[in-house]
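Enquirer: I'm passing along work.cif; it holds mmCIF, C-alpha atoms and all ligand atoms.
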```
data_coords
#
loop_
_atom_site.label_atom_id
_atom_site.label_comp_id
_atom_site.auth_asym_id
_atom_site.auth_seq_id
_atom_site.Cartn_x
_atom_site.Cartn_y
_atom_site.Cartn_z
CA MET L 235 10.25 -1.31 56.21
CA LYS L 236 8.67 -4.63 57.13
CA ASN L 237 5.05 -4.48 58.35
CA LYS L 238 4.67 -0.75 57.82
CA TRP L 239 1.88 0.70 55.72
CA ALA L 240 2.06 3.55 53.23
CA LEU L 241 -1.03 5.32 51.90
CA ILE L 242 -0.60 6.74 48.40
CA THR L 243 -3.19 9.00 46.80
CA GLY L 244 -3.35 9.16 43.01
CA ALA L 245 -1.79 5.71 42.83
CA SER L 246 -3.54 4.64 39.62
CA ALA L 247 -1.06 6.42 37.32
CA GLY L 248 2.14 8.44 36.95
CA ILE L 249 4.08 9.52 40.00
CA GLY L 250 1.69 7.80 42.44
CA ALA L 251 1.95 4.41 40.69
CA GLU L 252 5.73 4.80 40.64
CA PHE L 253 5.70 5.47 44.41
CA ALA L 254 3.77 2.21 44.78
CA HIS L 255 6.38 0.25 42.79
CA GLN L 256 9.37 1.72 44.61
CA LEU L 257 7.89 1.50 48.11
CA ALA L 258 6.84 -2.12 47.47
CA VAL L 259 10.45 -2.97 46.58
CA LYS L 260 11.44 -1.46 49.93
CA GLY L 261 8.94 -3.77 51.69
CA TRP L 262 6.19 -1.28 52.47
CA HIS L 263 2.61 -2.60 52.60
CA LEU L 264 0.41 -0.35 50.50
CA LEU L 265 -3.02 1.24 50.56
CA LEU L 266 -3.68 2.62 47.09
CA VAL L 267 -6.27 5.35 46.52
CA ALA L 268 -7.57 6.93 43.30
CA ARG L 269 -10.86 6.97 41.38
CA ARG L 270 -10.19 4.29 38.72
CA GLU L 271 -10.66 0.98 40.46
CA GLU L 272 -9.61 -1.14 37.47
CA LYS L 273 -6.23 0.63 37.28
CA LEU L 274 -5.70 0.18 41.01
CA LEU L 275 -6.56 -3.53 40.80
CA GLU L 276 -4.16 -3.99 37.87
CA LEU L 277 -1.39 -2.36 39.88
CA GLN L 278 -2.25 -4.35 43.01
CA LYS L 279 -1.99 -7.60 41.02
CA LYS L 280 1.46 -6.68 39.67
CA LEU L 281 2.75 -5.59 43.07
CA ILE L 282 1.68 -8.66 45.01
CA GLU L 283 2.96 -10.96 42.24
CA ASN L 284 6.41 -9.38 42.39
CA GLN L 285 6.89 -8.42 46.05
CA SER L 286 5.97 -10.08 49.33
CA ILE L 287 3.82 -7.25 50.60
CA ASN L 288 0.16 -6.67 51.41
CA CYS L 289 -1.62 -4.27 49.10
CA LEU L 290 -5.15 -2.92 49.48
CA VAL L 291 -7.01 -0.72 47.04
CA LEU L 292 -9.62 1.82 47.99
CA PRO L 293 -11.31 3.63 45.09
CA LYS L 294 -12.22 7.15 46.20
CA ASP L 295 -12.84 10.51 44.62
CA LEU L 296 -10.88 12.89 46.82
CA SER L 297 -12.83 15.87 45.56
CA GLN L 298 -15.73 14.52 47.64
CA THR L 299 -15.62 16.15 51.07
CA SER L 300 -16.35 12.89 52.92
CA ALA L 301 -13.54 10.89 51.24
CA ASN L 302 -10.70 11.67 53.64
CA GLN L 303 -12.60 10.61 56.75
CA GLU L 304 -13.82 7.49 54.90
CA ILE L 305 -10.21 6.52 54.13
CA TYR L 306 -9.28 7.02 57.78
CA ASN L 307 -12.29 4.96 58.94
CA TYR L 308 -11.36 2.20 56.48
CA CYS L 309 -7.85 2.04 57.98
CA GLN L 310 -9.33 1.81 61.48
CA GLN L 311 -11.65 -1.03 60.38
CA GLN L 312 -8.77 -2.90 58.74
CA GLY L 313 -6.51 -2.33 61.77
CA ILE L 314 -3.94 -0.57 59.59
CA GLN L 315 -1.61 2.06 61.01
CA ILE L 316 -0.34 4.38 58.30
CA SER L 317 3.37 5.17 58.74
CA MET L 318 3.83 6.93 55.43
CA LEU L 319 1.40 9.27 53.71
CA VAL L 320 2.04 10.26 50.11
CA ASN L 321 -0.30 13.10 49.17
CA ASN L 322 0.13 12.94 45.43
CA ALA L 323 -3.23 12.99 43.57
CA GLY L 324 -3.67 15.99 41.35
CA TYR L 325 -4.22 17.52 37.94
CA GLY L 326 -4.00 20.84 36.17
CA VAL L 327 -6.94 22.97 35.11
CA PRO L 328 -6.01 24.98 32.00
CA GLY L 329 -7.88 28.07 30.88
CA ASP L 330 -8.56 31.51 32.28
CA PHE L 331 -10.00 31.77 35.79
CA ASP L 332 -13.48 32.88 34.72
CA SER L 333 -13.73 30.44 31.80
CA VAL L 334 -13.68 27.53 34.26
CA ASP L 335 -16.89 26.76 36.17
CA TRP L 336 -16.90 27.00 39.94
CA LYS L 337 -17.42 23.26 40.50
CA THR L 338 -14.19 22.52 38.61
CA HIS L 339 -12.24 25.05 40.72
CA HIS L 340 -13.91 23.79 43.89
CA ASP L 341 -13.09 20.13 43.16
CA MET L 342 -9.49 20.97 42.35
CA LEU L 343 -9.09 22.90 45.62
CA GLN L 344 -10.76 20.09 47.57
CA LEU L 345 -8.44 17.49 46.02
CA MET L 346 -5.12 19.31 45.89
CA LEU L 347 -5.39 21.53 48.95
CA THR L 348 -8.06 20.53 51.49
CA SER L 349 -7.59 16.78 51.07
CA VAL L 350 -3.79 17.10 51.43
CA VAL L 351 -4.24 18.97 54.70
CA GLU L 352 -7.11 16.84 56.01
CA LEU L 353 -5.43 13.49 55.31
CA THR L 354 -2.31 14.80 57.04
CA HIS L 355 -4.41 15.99 59.96
CA LEU L 356 -6.00 12.54 60.22
CA PHE L 357 -2.83 10.42 59.96
CA TYR L 358 -0.06 12.63 61.41
CA PRO L 359 -1.10 12.38 65.10
CA ASN L 360 -0.53 8.64 65.20
CA MET L 361 2.87 9.03 63.53
CA LYS L 362 3.71 11.63 66.17
CA ASN L 363 2.57 9.31 68.98
CA ASN L 364 4.76 6.56 67.55
CA GLN L 365 7.67 9.00 67.16
CA ASN L 366 8.01 7.67 63.63
CA GLY L 367 6.47 8.47 60.27
CA PHE L 368 6.84 10.03 56.85
CA VAL L 369 4.71 12.55 54.96
CA ILE L 370 5.49 13.34 51.33
CA ASN L 371 3.45 16.11 49.76
CA VAL L 372 3.82 16.20 46.00
CA ALA L 373 3.94 19.90 45.12
CA SER L 374 5.62 21.26 41.99
CA LEU L 375 8.30 23.56 40.63
CA ALA L 376 5.25 25.70 39.78
CA GLY L 377 5.03 26.51 43.50
CA PHE L 378 8.30 28.46 43.15
CA ALA L 379 7.76 29.85 39.67
CA PRO L 380 6.24 33.29 39.14
CA PRO L 381 2.49 33.47 38.54
CA THR L 382 1.20 32.59 35.08
CA ALA L 383 -1.90 33.62 33.19
CA GLY L 384 -4.00 30.47 32.76
CA HIS L 385 -3.84 27.46 35.13
CA THR L 386 -4.76 30.25 37.55
CA LEU L 387 -4.98 28.25 40.79
CA TYR L 388 -2.27 25.65 40.14
CA GLY L 389 0.81 27.65 41.19
CA ALA L 390 -1.05 29.12 44.17
CA VAL L 391 -2.11 25.67 45.38
CA LYS L 392 1.40 24.24 44.98
CA SER L 393 2.92 27.24 46.85
CA PHE L 394 0.45 26.52 49.64
CA VAL L 395 1.48 22.85 49.73
CA ILE L 396 5.18 23.83 49.95
CA LYS L 397 4.58 26.33 52.79
CA PHE L 398 2.29 23.94 54.66
CA SER L 399 4.85 21.13 54.35
CA HIS L 400 7.64 23.42 55.53
CA SER L 401 5.75 24.49 58.67
CA LEU L 402 4.72 20.93 59.50
CA HIS L 403 8.31 19.76 58.91
CA LEU L 404 9.48 22.20 61.60
CA GLU L 405 6.84 20.97 64.07
CA ALA L 406 7.29 17.29 63.25
CA LYS L 407 11.05 16.93 63.36
CA GLU L 408 11.20 16.83 67.16
CA HIS L 409 8.64 14.00 67.10
CA GLY L 410 10.52 11.71 64.74
CA VAL L 411 8.20 12.41 61.80
CA HIS L 412 9.76 13.38 58.47
CA VAL L 413 7.87 15.80 56.21
CA THR L 414 9.01 16.63 52.68
CA ALA L 415 7.56 18.71 49.85
CA LEU L 416 8.51 17.03 46.59
CA CYS L 417 8.69 19.52 43.73
CA PRO L 418 9.02 17.96 40.29
CA GLY L 419 9.22 19.93 37.08
CA PHE L 420 7.87 18.45 33.84
CA THR L 421 7.52 14.69 34.36
CA TYR L 422 6.42 11.99 31.91
CA THR L 423 3.03 10.81 33.29
CA GLU L 424 -0.64 11.06 32.23
CA PHE L 425 -0.84 14.61 33.65
CA HIS L 426 -0.66 16.49 30.34
CA ASP L 427 -2.96 13.97 28.58
CA VAL L 428 -5.59 14.47 31.28
CA ASN L 429 -5.52 18.27 30.97
CA GLY L 430 -5.32 18.23 27.17
CA THR L 431 -1.97 20.01 26.80
CA ARG L 432 0.09 17.06 25.51
CA ASN L 433 0.48 18.45 21.95
CA MET L 434 1.66 21.79 23.29
CA VAL L 435 4.11 20.49 25.88
CA ASN L 436 5.53 17.98 23.38
CA LYS L 437 7.08 20.98 21.64
CA MET L 438 9.24 21.68 24.69
CA SER L 439 12.84 20.54 24.85
CA SER L 440 13.15 16.94 26.11
CA LYS L 441 15.92 18.24 28.40
CA LEU L 442 13.24 19.82 30.60
CA TRP L 443 11.54 16.45 31.21
CA MET L 444 12.21 13.81 33.84
CA SER L 445 10.97 10.27 34.34
CA ALA L 446 8.58 9.44 37.18
CA ASN L 447 11.14 6.82 38.21
CA ASP L 448 13.82 9.47 38.90
CA VAL L 449 11.36 11.90 40.51
CA VAL L 450 10.15 9.25 42.94
CA SER L 451 13.51 7.69 43.83
CA GLN L 452 14.83 11.18 44.63
CA GLY L 453 11.66 11.92 46.64
CA ILE L 454 11.96 8.77 48.74
CA ALA L 455 15.65 9.49 49.42
CA ALA L 456 14.71 13.04 50.44
CA VAL L 457 12.02 12.04 52.93
CA GLU L 458 14.25 9.30 54.36
CA LYS L 459 16.82 11.95 55.26
CA ASN L 460 14.13 14.45 56.29
CA GLN L 461 14.88 17.04 53.62
CA VAL L 462 12.24 19.74 53.86
CA VAL L 463 11.92 20.50 50.13
CA LEU L 464 13.25 18.60 47.14
CA ILE L 465 13.22 20.17 43.70
CA ASN L 466 13.92 17.36 41.23
CA GLY L 467 16.82 17.69 38.81
CA TRP L 468 19.57 20.30 38.42
CA ARG L 469 17.72 22.17 35.66
CA ASN L 470 14.63 22.63 37.83
CA LYS L 471 16.81 23.63 40.79
CA ALA L 472 18.55 26.19 38.56
CA ILE L 473 15.18 27.60 37.44
CA ALA L 474 14.02 27.91 41.08
CA THR L 475 17.29 29.65 42.02
CA LEU L 476 17.12 32.09 39.10
CA VAL L 477 13.53 32.94 40.01
CA LYS L 478 14.73 33.75 43.53
CA ILE L 479 17.72 35.91 42.58
CA LEU L 480 16.65 37.72 39.41
CA PRO L 481 14.49 40.86 39.66
CA ASP L 482 10.75 40.01 39.72
CA ARG L 483 9.94 42.11 36.68
CA LEU L 484 12.59 40.41 34.57
CA VAL L 485 11.40 36.93 35.61
CA ARG L 486 7.77 37.80 34.87
CA PHE L 487 8.75 39.18 31.46
CA LEU L 488 10.76 36.05 30.57
CA MET L 489 8.02 33.73 31.86
CA GLN L 490 5.20 35.50 30.06
CA GLY L 491 6.98 35.07 26.73
CA SER L 492 7.64 31.36 27.17
CA VAL L 493 4.45 30.39 29.02
CA ALA L 494 2.20 32.09 26.47
CA LYS L 495 3.40 29.58 23.85
CA PHE L 496 2.10 26.70 25.94
CA ARG L 497 -1.10 28.29 27.17
CA LYS L 498 -4.38 26.49 26.47
CA ARG L 499 -7.38 28.82 26.53
N1 LIG I 501 3.57 15.39 35.54
C1 LIG I 501 4.10 16.57 35.79
O1 LIG I 501 4.70 17.21 34.90
C2 LIG I 501 4.03 17.14 37.18
C3 LIG I 501 4.91 18.18 37.52
C4 LIG I 501 4.87 18.71 38.80
C5 LIG I 501 3.99 18.21 39.73
N2 LIG I 501 3.14 17.21 39.39
C6 LIG I 501 2.20 16.73 40.42
O2 LIG I 501 2.36 15.34 40.58
C7 LIG I 501 1.16 14.78 41.11
C8 LIG I 501 0.83 13.51 40.35
O3 LIG I 501 0.56 13.84 39.01
P1 LIG I 501 1.04 12.92 37.79
O4 LIG I 501 1.97 13.72 36.97
O5 LIG I 501 1.45 11.59 38.26
O6 LIG I 501 -0.34 12.85 36.98
P2 LIG I 501 -1.22 11.61 36.49
O7 LIG I 501 -0.37 10.59 35.81
O8 LIG I 501 -2.34 12.20 35.71
O9 LIG I 501 -1.76 10.99 37.86
C9 LIG I 501 -2.67 11.71 38.66
C10 LIG I 501 -3.25 10.79 39.70
O10 LIG I 501 -4.18 11.52 40.51
C11 LIG I 501 -5.40 10.78 40.60
N3 LIG I 501 -6.53 11.66 40.79
C12 LIG I 501 -6.92 12.69 40.00
N4 LIG I 501 -8.06 13.21 40.46
C13 LIG I 501 -8.42 12.49 41.55
C14 LIG I 501 -9.52 12.54 42.45
N5 LIG I 501 -10.50 13.44 42.32
N6 LIG I 501 -9.56 11.65 43.48
C15 LIG I 501 -8.58 10.73 43.62
N7 LIG I 501 -7.51 10.63 42.81
C16 LIG I 501 -7.44 11.51 41.78
C17 LIG I 501 -5.46 10.02 39.27
O11 LIG I 501 -6.24 8.85 39.41
P3 LIG I 501 -7.75 8.64 38.91
O12 LIG I 501 -7.90 9.36 37.60
O13 LIG I 501 -7.84 7.15 38.79
O14 LIG I 501 -8.58 9.19 40.01
C18 LIG I 501 -4.01 9.61 39.09
O15 LIG I 501 -3.73 8.46 39.83
C19 LIG I 501 0.10 15.88 41.01
O16 LIG I 501 -0.12 16.45 42.29
C20 LIG I 501 0.73 16.90 40.08
O17 LIG I 501 0.27 18.21 40.34
C21 LIG I 501 3.14 16.65 38.13
#
```
What would you get if you wrote out this structure as structure tokens?
Expert:
Amino acid sequence: MKNKWALITGASAGIGAEFAHQLAVKGWHLLLVARREEKLLELQKKLIENQSINCLVLPKDLSQTSANQEIYNYCQQQGIQISMLVNNAGYGVPGDFDSVDWKTHHDMLQLMLTSVVELTHLFYPNMKNNQNGFVINVASLAGFAPPTAGHTLYGAVKSFVIKFSHSLHLEAKEHGVHVTALCPGFTYTEFHDVNGTRNMVNKMSSKLWMSANDVVSQGIAAVEKNQVVLINGWRNKAIATLVKILPDRLVRFLMQGSVAKFRKR
């Protein structure tokens, strides 16, 4: 992918940083976005030492409503055309709905829902004009799982991202643009440290966990072949299938028992 630029949100850690490593190996130039500038600069240094690519960092808080347009304006100023957009930044908000203040809910929705859609709205038209481009929206197995008590908005947001990606995929395919919803299950990253559930999730079987390396390599392969949705790993695929075919009440009963053990209030 010589001379093509990929924009990755949430590139300072976890799945986003792994996207940066793997896309750099494939020759993509990179624009890395997240809040922690020092982490982005560290990653930039490693990437340009090891690969002959250009790499720019743009520290932004995507829960700020102006951030998406500012990223787009920055690309215009730099003369960069984005050919791949990886909407990845995100976190979980544990606790019951009313125990979390509105600003926290608002920021999460702005980051994981509005920003995903707005960045796509900003960068997709040029991909469509060029008849070439890739959009990867990092959703989650949680988007297919039944609702849980606690983490009240997370599953709803990820379901939205899957549906949105699916609709855009159908529109985009005749314009040479590939759109994929990537749906990992439990993945070793900073995610559970950030939301304070590491001790709880450490009690889960290691068989349920995947590496960011595997999640991302499967995600890149999926968007290259224009797969609409990729659920990572056979265990996660089996869970999604069971959720679809078993009666709702049975699934909810089974989930409530197991989720309650890992619920942070
Ligand atoms: N890990 C899992 O088990 C798992 C499973 C399914 C889906 N996912 C999804 O995978 C995606 C990536 O998560 P991860 O597991 O890689 O977690 P992570 O290691 O905690 O990385 C999250 C990334 O998002 C960035 N971010 C958070 N808030 C931001 C904000 N307001 N503005 C800009 N960037 C922000 C963080 O950077 P800064 O802190 O520097 O801003 C970081 O780079 C998320 O959408 C998550 O929902 C994760």
Enquirer: Near region 425-433 of chain L, counting only C-alpha atoms, which residues have an atom at most 7 Å away, once you skip same-chain residues fewer than 5 positions from it, shown as a PyMOL selection string?
Expert: chain L and resi 325-328+498
Enquirer: Go through L:Gly313, L:Gly244, L:Gly367, L:Pro293 and flag the residue nearest ligand LIG 501 (chain I), using all atoms listed in the file for the distances.
Expert: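 Distance minimum relative to ligand LIG 501 (chain I) lands on L:Gly244.
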Enquirer: Please return as a PyMOL selection string the residues found within 8 Å of ligand LIG 501 (chain I), counting only C-alpha atoms and all ligand atoms.
Expert: chain L and resi 243-251+267-271+273-274+293-298+321-326+341-342+345-346+372-376+388+392+417-428+443+446
Enquirer: Find the residues around region 474-488 of chain L up to 8 Å (only C-alpha atoms counted), leave out those fewer than 4 positions away in its own chain, and share them as number ranges by chain.
Expert: L: 375, 378-381, 470, 492
Enquirer: Do you know which residues are at most 7 Å from Ala258 (chain L) counting only C-alpha atoms, after dropping those on the same chain fewer than 3 positions away, and could you put them as a compact mmCIF listing (two decimals) with C-alpha atoms, in the coordinates of the input?
Expert:
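The resulting file, part_18.txt, is reproduced below:
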```txt
# COMPACT_ATOMS: atom_id res chain seq x y z
CA ALA L 254 3.77 2.21 44.78
CA HIS L 255 6.38 0.25 42.79
CA GLY L 261 8.94 -3.77 51.69
CA TRP L 262 6.19 -1.28 52.47
CA HIS L 263 2.61 -2.60 52.60
CA LEU L 281 2.75 -5.59 43.07
CA GLN L 285 6.89 -8.42 46.05
CA ILE L 287 3.82 -7.25 50.60
```
Enquirer: Fewer than 2 positions away in the same chain doesn't count, so skip those; otherwise give me all residues within 6 Å of Met318 (chain L), counting all atoms listed in the file, as JSON, numbers by chain.
Expert: {"L": [240, 316, 367, 368, 369]}
Enquirer: Excluding Met361 (chain L) and residues on its chain fewer than 3 positions from it, collect all residues at most 10 Å away from it, counting only C-alpha atoms, and give them as a ChimeraX atom specification.
Expert: /L:315-319,357-358,364-369,406,409-412
Enquirer: For a quick check of understanding, using only C-alpha atoms, which of L:Leu264, L:Gly467, L:Asp448, L:Leu416 has the smallest distance to Asn288 (chain L)?
Expert: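 So, comparing all the options, the nearest one is L:Leu264.
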Enquirer: Take CA of Val413 (chain L) and CA of Lys471 (chain L) and report the distance between them in Å, one decimal.
Expert: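 CA of Val413 (chain L) sits 19.5 Å away from CA of Lys471 (chain L).
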Enquirer: Looking at all atoms listed in the file, which of L:Asn302, L:Val291, L:Trp468, L:Gln311 is the one that sits closest to His355 (chain L)?
Expert: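 Under the stated criterion, the closest residue is L:Asn302.
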Enquirer: What does the distance between CA of Gly389 (chain L) and CA of Gly377 (chain L) come to in Å, to one decimal place?
Expert: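 Going from CA of Gly389 (chain L) over to CA of Gly377 (chain L) covers 4.9 Å.
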Enquirer: What is the distance, in Å and to one decimal place, between CA of Ile454 (chain L) and CA of Lys362 (chain L)?
Expert: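 Going from CA of Ile454 (chain L) over to CA of Lys362 (chain L) covers 19.5 Å.
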Enquirer: What box, with edges along x, y and z, holds each listed atom of region 301-311 of chain L when 4 Å is added on every side, and can you state its centre and edge lengths in Å to one decimal, as lines of an AutoDock Vina configuration file?
Expert:
```
center_x = -10.8
center_y = 5.3
center_z = 56.4
size_x = 14.0
size_y = 20.7
size_z = 18.2
```
Enquirer: Would you please work out which residue, of L:Ser333, L:Thr338, L:Gln303, L:Gln344, is nearest to Leu356 (chain L) when using all atoms listed in the file?
Expert: L:Gln303
Enquirer: Smallest atom-to-atom distance to Leu290 (chain L): which of L:Leu241, L:Met438, L:Met489, L:Ile396, using only C-alpha atoms?
Expert: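 Under the stated criterion, the closest residue is L:Leu241.
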Enquirer: May I ask which of the residues L:Pro359, L:Leu266, L:Tyr308, L:Val391 is the closest one to Glu405 (chain L), counting only C-alpha atoms?
Expert: L:Pro359
Enquirer: N, CA, C and O atoms are needed for region 345-363 of chain L; please write them out as a short mmCIF file (atom, residue, chain, number, x, y, z; two decimals), in the coordinates of the input.
Expert:
```
data_model
loop_
_atom_site.label_atom_id
_atom_site.label_comp_id
_atom_site.auth_asym_id
_atom_site.auth_seq_id
_atom_site.Cartn_x
_atom_site.Cartn_y
_atom_site.Cartn_z
N LEU L 345 -9.38 18.59 46.24
CA LEU L 345 -8.44 17.49 46.02
C LEU L 345 -7.01 17.88 46.38
O LEU L 345 -6.32 17.15 47.10
N MET L 346 -6.56 19.02 45.86
CA MET L 346 -5.12 19.31 45.89
C MET L 346 -4.72 20.18 47.07
O MET L 346 -3.53 20.39 47.31
N LEU L 347 -5.71 20.68 47.81
CA LEU L 347 -5.39 21.53 48.95
C LEU L 347 -6.05 20.96 50.21
O LEU L 347 -5.37 20.45 51.10
N THR L 348 -7.38 20.96 50.25
CA THR L 348 -8.06 20.53 51.49
C THR L 348 -7.75 19.06 51.81
O THR L 348 -7.47 18.72 52.96
N SER L 349 -7.81 18.20 50.80
CA SER L 349 -7.59 16.78 51.07
C SER L 349 -6.16 16.52 51.55
O SER L 349 -5.93 15.70 52.45
N VAL L 350 -5.20 17.25 50.99
CA VAL L 350 -3.79 17.10 51.43
C VAL L 350 -3.69 17.43 52.92
O VAL L 350 -3.08 16.70 53.71
N VAL L 351 -4.33 18.53 53.31
CA VAL L 351 -4.24 18.97 54.70
C VAL L 351 -5.06 18.04 55.60
O VAL L 351 -4.60 17.64 56.69
N GLU L 352 -6.25 17.66 55.14
CA GLU L 352 -7.11 16.84 56.01
C GLU L 352 -6.53 15.43 56.21
O GLU L 352 -6.53 14.92 57.34
N LEU L 353 -6.03 14.83 55.15
CA LEU L 353 -5.43 13.49 55.31
C LEU L 353 -4.23 13.58 56.27
O LEU L 353 -4.03 12.70 57.11
N THR L 354 -3.46 14.64 56.13
CA THR L 354 -2.31 14.80 57.04
C THR L 354 -2.81 14.98 58.47
O THR L 354 -2.26 14.39 59.41
N HIS L 355 -3.87 15.75 58.62
CA HIS L 355 -4.41 15.99 59.96
C HIS L 355 -4.95 14.70 60.57
O HIS L 355 -4.87 14.48 61.78
N LEU L 356 -5.47 13.81 59.72
CA LEU L 356 -6.00 12.54 60.22
C LEU L 356 -4.88 11.57 60.59
O LEU L 356 -4.97 10.86 61.61
N PHE L 357 -3.82 11.49 59.77
CA PHE L 357 -2.83 10.42 59.96
C PHE L 357 -1.58 10.86 60.71
O PHE L 357 -0.88 10.01 61.27
N TYR L 358 -1.29 12.15 60.74
CA TYR L 358 -0.06 12.63 61.41
C TYR L 358 -0.04 12.36 62.92
O TYR L 358 0.99 11.94 63.45
N PRO L 359 -1.18 12.56 63.64
CA PRO L 359 -1.10 12.38 65.10
C PRO L 359 -0.60 11.00 65.54
O PRO L 359 0.17 10.89 66.49
N ASN L 360 -0.99 9.98 64.82
CA ASN L 360 -0.53 8.64 65.20
C ASN L 360 0.97 8.47 64.92
O ASN L 360 1.68 7.82 65.68
N MET L 361 1.42 9.07 63.82
CA MET L 361 2.87 9.03 63.53
C MET L 361 3.62 9.72 64.66
O MET L 361 4.65 9.23 65.13
N LYS L 362 3.08 10.86 65.10
CA LYS L 362 3.71 11.63 66.17
C LYS L 362 3.74 10.82 67.47
O LYS L 362 4.76 10.75 68.14
N ASN L 363 2.62 10.16 67.78
CA ASN L 363 2.57 9.31 68.98
C ASN L 363 3.61 8.21 68.92
O ASN L 363 4.22 7.86 69.93
#
```
